[in-house]
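Visitor: This is the structure I want to talk about, given as structure tokens.
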Amino acid sequence: MTLRVSLSHHFDGFDLDVAFEAPRGVTVLFGPSGSGKTTVINAVAGLLRPDLGRIVSDDLVLVDTQARRNLPPHKRRIGYIFQEGRLFPHLTVRQNLLYGRWFAPRDARGESLGRVVELLGLDHLLERRPGALSGGEKQRVAIGRALLAAPKLILADEPLAALDETRKAEILPYFERLRDEVAVPILYVSHASAEVARLATTVVALRAGKVAAVGPPGQVLGDVAAVGARGASSILTARVVAHHADGLTELAAGEVPLWLPRIEAAPGRVVRVRIAAQDVILAREVPRGLSALNILSGTIAEIRPGQGPGVMVTLNIGTQRLSARITRRSAQAMGLAAGQICHAVLKSVAVAPEDVGTGTRL
Ligand SMILES: Nc1ncnc2c1ncn2[C@@H]1O[C@H](COP(=O)(O)OP(=O)(O)OP(=O)(O)O)[C@@H](O)[C@H]1O
């Protein structure tokens, strides 16, 4: 299943002009406020009729302006996950879930109730009403209800925005399971790079109504032109080696050891670790006597000047890439040049728990 989008729309003072594909997995529409994310979602959902465009979900044509085709929203086979769960308060969790079923066409082959309950860990909640659920639990039920409608596409519009950090951490693993175990493409709106790094299989970076970059998260998040210097970050793929008694987790990013505050992933699991470019310090010599635990040595692949006083220095570390945002002044004083060996210093606490995600679809 794949969603194909090609759209142009004009509002007073704003022009949207985008084309992208969302294959199986999570495609994150990522961009600052006003970049056009909601406009795209509304056009896919059928709440906005674009001036020009064609949107096809699996084999279903949702809109084709040239062919004068525009499927009404309820026929689009879309499962919605909103910021707030929007559950029916008078129905139990089981009844809320089964309500989703009503929207599934008779011959549609979707997930079974048992499978959805297992996937989202809802077994012990089935007889409760939404009033007796936490925010994270409500959101899991909302995901289940969307899945049971046997959708060809799931739209998730900032589904974590209303949750605090603890609840976000609780719900993110369920989105990871959804991404890895359900064949339906998920179009997910977010402006949080931590969410992008954890969940996205594809990122569509929007800026001022245009697609600034499309690709895997490691590539797009490192692209300063697409995400801005402040948001730029790298994603390292690492395997969990061991949890130690002092509260640290040891990982291996290829051959390179990496130490983080304890993460919830069993030894052997592969995780993604997002490292903000502004949290990395560079050194020409291997630093000694530092409190920072992580010193990653590599070769400078490129040095890219920005518009302000900063430059982005990208290192090849084994097969991975790590970017550091430092000042142009430091780069000059250190005499940095492509091809040199350089050492990246990273405080282990610079990596927040929401920046570490699990999953095989890296
Ligand atoms: N119905 C409308 N009429 C006129 N202009 C609109 C309309 N809807 C959106 N816009 C404009 O289109 C632009 C893109 O808005 P949109 O809501 O798609 O951005 P967004 O990326 O979703 O932002 P946010 O993250 O704040 O929700 C904005 O400049 C907005 O003012």
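By convention here, the chains of the structure tokens are called A, B, ... in the order presented, each chain's residues are numbered starting at 1, and ligands are numbered starting at 1 in the order presented.
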Which residues are close to Ala266 in chain A, i.e. within 10 Å by only C-alpha atoms, leaving aside same-chain residues fewer than 5 positions away? Reply as an MDAnalysis selection string.

Guide: chainID A and resid 239:243

Visitor: Take the selection from the previous step and output its residues with C-alpha atoms, as a PDB file, in the first residue's frame.

Guide:
ATOM      1  CA  ARG A 239      23.029  -2.035  19.237  1.00  0.00           C
ATOM      2  CA  VAL A 240      22.396  -2.336  22.967  1.00  0.00           C
ATOM      3  CA  VAL A 241      25.359  -4.183  24.531  1.00  0.00           C
ATOM      4  CA  ALA A 242      24.582  -4.141  28.273  1.00  0.00           C
ATOM      5  CA  HIS A 243      22.915  -2.265  31.094  1.00  0.00           C
TER       6      HIS A 243
END

Visitor: Name each residue within 6 Å of ligand 1, counting only C-alpha atoms and all ligand atoms, as a PyMOL selection string.

Guide: chain A and resi 11-12+14+32-39

Visitor: Fewer than 6 positions away in the same chain doesn't count, so skip those; otherwise give me all residues within 9 Å of Gly110 in chain A, counting only C-alpha atoms, as a ChimeraX atom specification.

Guide: /A:104,147-151

Visitor: Residues of the last selection are to be written out with C-alpha atoms, as an mmCIF file, in the first residue's frame.

Guide:
data_model
loop_
_atom_site.group_PDB
_atom_site.id
_atom_site.type_symbol
_atom_site.label_atom_id
_atom_site.label_comp_id
_atom_site.auth_asym_id
_atom_site.auth_seq_id
_atom_site.Cartn_x
_atom_site.Cartn_y
_atom_site.Cartn_z
ATOM 1 C CA ALA A 104 -14.946 -1.061 7.567
ATOM 2 C CA LEU A 147 -7.057 0.292 12.818
ATOM 3 C CA LEU A 148 -10.309 -1.645 13.146
ATOM 4 C CA ALA A 149 -11.909 0.473 10.428
ATOM 5 C CA ALA A 150 -9.640 -1.499 8.020
ATOM 6 C CA PRO A 151 -8.130 1.697 6.605
#

Visitor: Pick the closest to Ala265 in chain A from A:Val44, A:Leu97, A:Ala245, A:Ala238: which is it, counting only C-alpha atoms?

Guide: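 Among the listed residues, the smallest separation from Ala265 in chain A belongs to A:Ala238.
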
Visitor: Show me, as a VMD selection string, the residues that have an atom within 12 Å of Pro130 in chain A when counting only C-alpha atoms, minus same-chain residues fewer than 5 positions from it.

Guide: chain A and resid 84 to 97 125 135 to 142

Visitor: Can those selected residues be exported to a file as a PDB file, in the first residue's frame so that it contains C-alpha atoms?

Guide:
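Now in again-v6.pdb:
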ATOM      1  CA  GLU A  84      -7.072  14.132  21.810  1.00  0.00           C
ATOM      2  CA  GLY A  85      -8.411  10.604  21.511  1.00  0.00           C
ATOM      3  CA  ARG A  86     -12.043  11.692  20.841  1.00  0.00           C
ATOM      4  CA  LEU A  87     -13.496   8.509  22.340  1.00  0.00           C
ATOM      5  CA  PHE A  88     -17.169   8.114  23.221  1.00  0.00           C
ATOM      6  CA  PRO A  89     -17.355   8.629  27.009  1.00  0.00           C
ATOM      7  CA  HIS A  90     -20.472   6.472  27.491  1.00  0.00           C
ATOM      8  CA  LEU A  91     -19.045   3.419  25.709  1.00  0.00           C
ATOM      9  CA  THR A  92     -16.516   0.950  27.119  1.00  0.00           C
ATOM     10  CA  VAL A  93     -13.124   0.511  25.514  1.00  0.00           C
ATOM     11  CA  ARG A  94     -14.381  -2.648  23.776  1.00  0.00           C
ATOM     12  CA  GLN A  95     -17.421  -0.784  22.409  1.00  0.00           C
ATOM     13  CA  ASN A  96     -15.272   2.148  21.300  1.00  0.00           C
ATOM     14  CA  LEU A  97     -13.012  -0.265  19.446  1.00  0.00           C
ATOM     15  CA  LEU A 125      -8.753  -2.126  29.781  1.00  0.00           C
ATOM     16  CA  GLY A 135      -4.207  10.155  28.391  1.00  0.00           C
ATOM     17  CA  GLY A 136      -1.790   7.598  26.942  1.00  0.00           C
ATOM     18  CA  GLU A 137      -4.275   4.732  27.320  1.00  0.00           C
ATOM     19  CA  LYS A 138      -7.004   6.772  25.609  1.00  0.00           C
ATOM     20  CA  GLN A 139      -4.663   7.419  22.730  1.00  0.00           C
ATOM     21  CA  ARG A 140      -3.942   3.680  22.411  1.00  0.00           C
ATOM     22  CA  VAL A 141      -7.679   2.997  22.185  1.00  0.00           C
ATOM     23  CA  ALA A 142      -8.004   5.713  19.534  1.00  0.00           C
TER      24      ALA A 142
END

Visitor: I want to know what sits within 6 Å of range 155-162 of chain A, based on only C-alpha atoms, with residues of the same chain fewer than 5 positions away left out; could you give that as a list in words?

Guide: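 With the cut-off at 6 Å, the set is Tyr80, Ile81, Phe82, Gln83, Ile186, Leu187, Tyr188, Val189 and Ser190 of chain A.
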
Visitor: Restricting the calculation to only C-alpha atoms: of A:Arg24, A:Arg304, A:Lys152, A:Arg101, which residue gets closest to Ala229 in chain A?

Guide: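 When distances to Ala229 in chain A are compared using only C-alpha atoms, the smallest one comes from A:Arg304.
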
Visitor: With only C-alpha atoms as the atoms that count, which of A:Val182, A:Leu7, A:Ile300, A:Ile235 lies nearest to Gln66 in chain A?

Guide: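 Among the listed residues, A:Leu7 lies closest to Gln66 in chain A.
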
Visitor: Could you give me, as a PyMOL selection string, each residue of range 73-262 of chain A that DSSP assigns to strand (DSSP E or B) when run on this structure's backbone?

Guide: chain A and resi 78-81+153-157+186-190+202-207+210-215+233-243+248-253+256-261

Visitor: Could you save those same residues with N, CA and C atoms as a CSV table (one decimal), in the first residue's frame?

Guide:
chain,number,residue,atom,x,y,z
A,78,ILE,N,-9.9,6.1,5.5
A,78,ILE,CA,-8.8,6.6,6.3
A,78,ILE,C,-9.1,6.4,7.8
A,79,GLY,N,-8.1,6.0,8.5
A,79,GLY,CA,-8.2,5.9,10.0
A,79,GLY,C,-7.5,7.2,10.6
A,80,TYR,N,-8.3,7.9,11.4
A,80,TYR,CA,-7.7,9.2,12.0
A,80,TYR,C,-7.3,9.0,13.4
A,81,ILE,N,-6.1,9.6,13.7
A,81,ILE,CA,-5.7,9.7,15.1
A,81,ILE,C,-5.4,11.1,15.4
A,153,LEU,N,-5.1,3.9,4.8
A,153,LEU,CA,-4.2,4.9,5.2
A,153,LEU,C,-4.5,5.4,6.6
A,154,ILE,N,-3.5,5.7,7.4
A,154,ILE,CA,-3.8,6.3,8.8
A,154,ILE,C,-3.2,7.7,8.8
A,155,LEU,N,-4.1,8.6,9.2
A,155,LEU,CA,-3.6,10.0,9.3
A,155,LEU,C,-3.5,10.3,10.8
A,156,ALA,N,-2.3,10.7,11.2
A,156,ALA,CA,-2.1,11.0,12.6
A,156,ALA,C,-1.6,12.5,12.7
A,157,ASP,N,-2.5,13.4,13.2
A,157,ASP,CA,-2.2,14.8,13.2
A,157,ASP,C,-1.7,15.2,14.6
A,186,ILE,N,1.3,5.3,7.2
A,186,ILE,CA,0.8,6.2,8.3
A,186,ILE,C,1.4,7.6,7.9
A,187,LEU,N,0.5,8.6,7.7
A,187,LEU,CA,1.0,9.9,7.4
A,187,LEU,C,0.9,10.7,8.7
A,188,TYR,N,2.0,11.2,9.2
A,188,TYR,CA,2.1,11.6,10.6
A,188,TYR,C,2.6,13.0,10.6
A,189,VAL,N,1.8,13.9,11.2
A,189,VAL,CA,2.3,15.4,11.2
A,189,VAL,C,3.0,15.6,12.5
A,190,SER,N,4.1,16.3,12.4
A,190,SER,CA,4.9,16.6,13.6
A,190,SER,C,5.8,17.8,13.4
A,202,THR,N,10.2,7.7,6.4
A,202,THR,CA,10.4,8.7,5.4
A,202,THR,C,10.0,10.0,6.0
A,203,VAL,N,10.8,11.1,5.7
A,203,VAL,CA,10.5,12.4,6.2
A,203,VAL,C,10.2,13.3,5.0
A,204,VAL,N,9.1,14.0,5.0
A,204,VAL,CA,8.8,15.1,4.0
A,204,VAL,C,9.0,16.4,4.7
A,205,ALA,N,10.1,17.1,4.5
A,205,ALA,CA,10.3,18.4,5.2
A,205,ALA,C,9.6,19.5,4.4
A,206,LEU,N,8.7,20.2,5.0
A,206,LEU,CA,8.0,21.3,4.3
A,206,LEU,C,8.5,22.6,4.8
A,207,ARG,N,8.6,23.5,3.9
A,207,ARG,CA,9.0,24.9,4.2
A,207,ARG,C,8.2,25.8,3.3
A,210,LYS,N,6.4,24.3,0.3
A,210,LYS,CA,7.1,23.5,-0.7
A,210,LYS,C,7.8,22.3,0.0
A,211,VAL,N,8.2,21.3,-0.7
A,211,VAL,CA,8.9,20.2,-0.1
A,211,VAL,C,10.4,20.6,-0.2
A,212,ALA,N,11.0,20.8,1.0
A,212,ALA,CA,12.4,21.2,1.1
A,212,ALA,C,13.3,20.0,1.0
A,213,ALA,N,12.9,18.8,1.4
A,213,ALA,CA,13.7,17.6,1.3
A,213,ALA,C,12.8,16.4,1.6
A,214,VAL,N,13.1,15.3,1.0
A,214,VAL,CA,12.4,14.0,1.2
A,214,VAL,C,13.5,12.9,1.4
A,215,GLY,N,13.3,12.1,2.4
A,215,GLY,CA,14.3,11.0,2.5
A,215,GLY,C,14.2,10.3,3.8
A,233,SER,N,20.2,17.5,13.2
A,233,SER,CA,20.7,16.5,14.1
A,233,SER,C,21.1,15.3,13.3
A,234,SER,N,21.8,14.4,13.9
A,234,SER,CA,22.2,13.1,13.3
A,234,SER,C,21.5,12.0,14.0
A,235,ILE,N,21.4,10.9,13.2
A,235,ILE,CA,20.8,9.7,13.9
A,235,ILE,C,21.9,8.6,13.7
A,236,LEU,N,22.3,8.1,14.9
A,236,LEU,CA,23.2,6.9,14.9
A,236,LEU,C,22.4,5.7,15.1
A,237,THR,N,22.8,4.6,14.4
A,237,THR,CA,22.1,3.3,14.6
A,237,THR,C,23.1,2.5,15.5
A,238,ALA,N,22.5,2.0,16.6
A,238,ALA,CA,23.4,1.3,17.6
A,238,ALA,C,22.7,0.1,18.2
A,239,ARG,N,23.6,-0.8,18.6
A,239,ARG,CA,23.0,-2.0,19.2
A,239,ARG,C,23.3,-1.9,20.7
A,240,VAL,N,22.3,-2.4,21.5
A,240,VAL,CA,22.4,-2.3,23.0
A,240,VAL,C,23.3,-3.5,23.4
A,241,VAL,N,24.4,-3.1,24.1
A,241,VAL,CA,25.4,-4.2,24.5
A,241,VAL,C,25.0,-4.7,25.9
A,242,ALA,N,24.9,-3.7,26.9
A,242,ALA,CA,24.6,-4.1,28.3
A,242,ALA,C,24.1,-3.0,29.1
A,243,HIS,N,23.3,-3.3,30.1
A,243,HIS,CA,22.9,-2.3,31.1
A,243,HIS,C,23.8,-2.4,32.3
A,248,LEU,N,24.0,3.3,33.6
A,248,LEU,CA,24.3,3.6,32.2
A,248,LEU,C,24.0,2.4,31.3
A,249,THR,N,23.7,2.7,30.1
A,249,THR,CA,23.5,1.6,29.1
A,249,THR,C,24.7,1.7,28.1
A,250,GLU,N,25.3,0.6,27.8
A,250,GLU,CA,26.4,0.6,26.8
A,250,GLU,C,25.9,0.1,25.5
A,251,LEU,N,26.2,0.9,24.4
A,251,LEU,CA,25.7,0.6,23.1
A,251,LEU,C,27.0,0.5,22.2
A,252,ALA,N,26.8,-0.1,21.0
A,252,ALA,CA,27.8,-0.1,20.0
A,252,ALA,C,27.3,0.4,18.7
A,253,ALA,N,27.8,1.6,18.3
A,253,ALA,CA,27.4,2.1,17.0
A,253,ALA,C,28.5,1.7,16.0
A,256,VAL,N,32.0,1.5,17.4
A,256,VAL,CA,32.2,2.6,18.3
A,256,VAL,C,31.3,2.4,19.6
A,257,PRO,N,31.9,2.4,20.8
A,257,PRO,CA,31.1,2.3,22.0
A,257,PRO,C,30.4,3.7,22.3
A,258,LEU,N,29.2,3.6,22.8
A,258,LEU,CA,28.4,4.8,23.1
A,258,LEU,C,27.7,4.5,24.5
A,259,TRP,N,27.8,5.5,25.4
A,259,TRP,CA,27.2,5.4,26.7
A,259,TRP,C,26.1,6.3,26.9
A,260,LEU,N,24.9,5.8,27.3
A,260,LEU,CA,23.8,6.7,27.5
A,260,LEU,C,23.2,6.4,28.9
A,261,PRO,N,22.4,7.3,29.4
A,261,PRO,CA,21.7,7.0,30.6
A,261,PRO,C,20.7,5.8,30.3

Visitor: Kindly indicate which residue among A:His343, A:Arg54, A:His74, A:Arg129 lies nearest to Arg288 in chain A, using only C-alpha atoms for the distances.

Guide: A:His343

Visitor: Can you tell me, as a PyMOL selection string, which residues in range 100-343 of chain A count as helix (DSSP H, G or I) by DSSP?

Guide: chain A and resi 100-101+113-119+123-125+130-132+135-148+165-181+193-199+217-221+224-227+277-279+328-334

Visitor: For the residues in the current selection, export C-alpha atoms as a PDB file, in the first residue's frame.

Guide:
ATOM      1  CA  GLY A 100     -14.330   1.535  14.382  1.00  0.00           C
ATOM      2  CA  ARG A 101     -15.466  -1.710  12.759  1.00  0.00           C
ATOM      3  CA  LEU A 113     -10.097  -7.207  17.388  1.00  0.00           C
ATOM      4  CA  GLY A 114      -7.854  -9.753  19.119  1.00  0.00           C
ATOM      5  CA  ARG A 115      -4.819  -8.672  17.123  1.00  0.00           C
ATOM      6  CA  VAL A 116      -5.446  -4.973  17.798  1.00  0.00           C
ATOM      7  CA  VAL A 117      -5.933  -5.620  21.529  1.00  0.00           C
ATOM      8  CA  GLU A 118      -2.642  -7.521  21.617  1.00  0.00           C
ATOM      9  CA  LEU A 119      -0.757  -4.983  19.489  1.00  0.00           C
ATOM     10  CA  ASP A 123      -6.485  -6.493  27.199  1.00  0.00           C
ATOM     11  CA  HIS A 124      -6.950  -5.332  30.800  1.00  0.00           C
ATOM     12  CA  LEU A 125      -8.753  -2.126  29.781  1.00  0.00           C
ATOM     13  CA  PRO A 130     -12.651   6.474  28.785  1.00  0.00           C
ATOM     14  CA  GLY A 131     -13.121   8.490  32.026  1.00  0.00           C
ATOM     15  CA  ALA A 132     -11.076   5.827  33.831  1.00  0.00           C
ATOM     16  CA  GLY A 135      -4.207  10.155  28.391  1.00  0.00           C
ATOM     17  CA  GLY A 136      -1.790   7.598  26.942  1.00  0.00           C
ATOM     18  CA  GLU A 137      -4.275   4.732  27.320  1.00  0.00           C
ATOM     19  CA  LYS A 138      -7.004   6.772  25.609  1.00  0.00           C
ATOM     20  CA  GLN A 139      -4.663   7.419  22.730  1.00  0.00           C
ATOM     21  CA  ARG A 140      -3.942   3.680  22.411  1.00  0.00           C
ATOM     22  CA  VAL A 141      -7.679   2.997  22.185  1.00  0.00           C
ATOM     23  CA  ALA A 142      -8.004   5.713  19.534  1.00  0.00           C
ATOM     24  CA  ILE A 143      -5.246   4.028  17.519  1.00  0.00           C
ATOM     25  CA  GLY A 144      -7.036   0.685  17.866  1.00  0.00           C
ATOM     26  CA  ARG A 145     -10.337   2.163  16.726  1.00  0.00           C
ATOM     27  CA  ALA A 146      -8.639   3.659  13.658  1.00  0.00           C
ATOM     28  CA  LEU A 147      -7.057   0.292  12.818  1.00  0.00           C
ATOM     29  CA  LEU A 148     -10.309  -1.645  13.146  1.00  0.00           C
ATOM     30  CA  GLU A 165       6.814  13.767  28.380  1.00  0.00           C
ATOM     31  CA  THR A 166       6.001  10.684  30.468  1.00  0.00           C
ATOM     32  CA  ARG A 167       2.871   9.885  28.445  1.00  0.00           C
ATOM     33  CA  LYS A 168       4.710  10.529  25.191  1.00  0.00           C
ATOM     34  CA  ALA A 169       7.367   8.016  26.210  1.00  0.00           C
ATOM     35  CA  GLU A 170       4.576   5.546  27.027  1.00  0.00           C
ATOM     36  CA  ILE A 171       2.807   5.857  23.653  1.00  0.00           C
ATOM     37  CA  LEU A 172       5.812   6.081  21.290  1.00  0.00           C
ATOM     38  CA  PRO A 173       6.595   2.334  21.446  1.00  0.00           C
ATOM     39  CA  TYR A 174       3.033   1.603  20.227  1.00  0.00           C
ATOM     40  CA  PHE A 175       3.526   3.808  17.200  1.00  0.00           C
ATOM     41  CA  GLU A 176       6.775   1.944  16.595  1.00  0.00           C
ATOM     42  CA  ARG A 177       4.872  -1.371  16.645  1.00  0.00           C
ATOM     43  CA  LEU A 178       2.266   0.067  14.316  1.00  0.00           C
ATOM     44  CA  ARG A 179       5.015   1.143  11.938  1.00  0.00           C
ATOM     45  CA  ASP A 180       6.787  -2.217  12.018  1.00  0.00           C
ATOM     46  CA  GLU A 181       3.842  -4.629  12.118  1.00  0.00           C
ATOM     47  CA  SER A 193      12.478  16.350  15.589  1.00  0.00           C
ATOM     48  CA  ALA A 194      12.702  13.799  18.429  1.00  0.00           C
ATOM     49  CA  GLU A 195       9.472  12.198  17.159  1.00  0.00           C
ATOM     50  CA  VAL A 196      10.739  12.301  13.592  1.00  0.00           C
ATOM     51  CA  ALA A 197      13.989  10.599  14.567  1.00  0.00           C
ATOM     52  CA  ARG A 198      12.193   7.857  16.460  1.00  0.00           C
ATOM     53  CA  LEU A 199       9.298   7.083  14.197  1.00  0.00           C
ATOM     54  CA  PRO A 217      15.266  10.724   8.791  1.00  0.00           C
ATOM     55  CA  GLY A 218      19.062  10.617   9.155  1.00  0.00           C
ATOM     56  CA  GLN A 219      19.447  12.380   5.822  1.00  0.00           C
ATOM     57  CA  VAL A 220      16.669  14.970   6.162  1.00  0.00           C
ATOM     58  CA  LEU A 221      17.367  15.907   9.800  1.00  0.00           C
ATOM     59  CA  VAL A 224      20.388  22.400   7.370  1.00  0.00           C
ATOM     60  CA  ALA A 225      18.659  23.896   4.326  1.00  0.00           C
ATOM     61  CA  ALA A 226      15.593  21.742   5.035  1.00  0.00           C
ATOM     62  CA  VAL A 227      15.336  21.872   8.824  1.00  0.00           C
ATOM     63  CA  ALA A 277      24.338  18.967  16.119  1.00  0.00           C
ATOM     64  CA  GLN A 278      24.560  21.768  18.663  1.00  0.00           C
ATOM     65  CA  ASP A 279      25.316  19.257  21.461  1.00  0.00           C
ATOM     66  CA  ARG A 328      33.153  29.513  12.009  1.00  0.00           C
ATOM     67  CA  ARG A 329      35.681  31.129  14.358  1.00  0.00           C
ATOM     68  CA  SER A 330      36.403  27.767  16.057  1.00  0.00           C
ATOM     69  CA  ALA A 331      36.622  25.954  12.730  1.00  0.00           C
ATOM     70  CA  GLN A 332      39.214  28.470  11.529  1.00  0.00           C
ATOM     71  CA  ALA A 333      41.164  28.497  14.791  1.00  0.00           C
ATOM     72  CA  MET A 334      41.327  24.675  14.731  1.00  0.00           C
TER      73      MET A 334
END

Visitor: To one decimal place, how far is CA of Ala183 in chain A from CA of Arg109 in chain A in Å?

Guide: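 CA of Ala183 in chain A sits 11.7 Å away from CA of Arg109 in chain A.
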
Visitor: Rounded to one decimal in Å, what is the spacing between CA of Val63 in chain A and CA of Ser8 in chain A?

Guide: 12.4 Å

Visitor: Using only C-alpha atoms, which residue out of A:Gly247, A:Gly357, A:Val345, A:Asp15 lies closest to Gly298 in chain A?

Guide: A:Val345
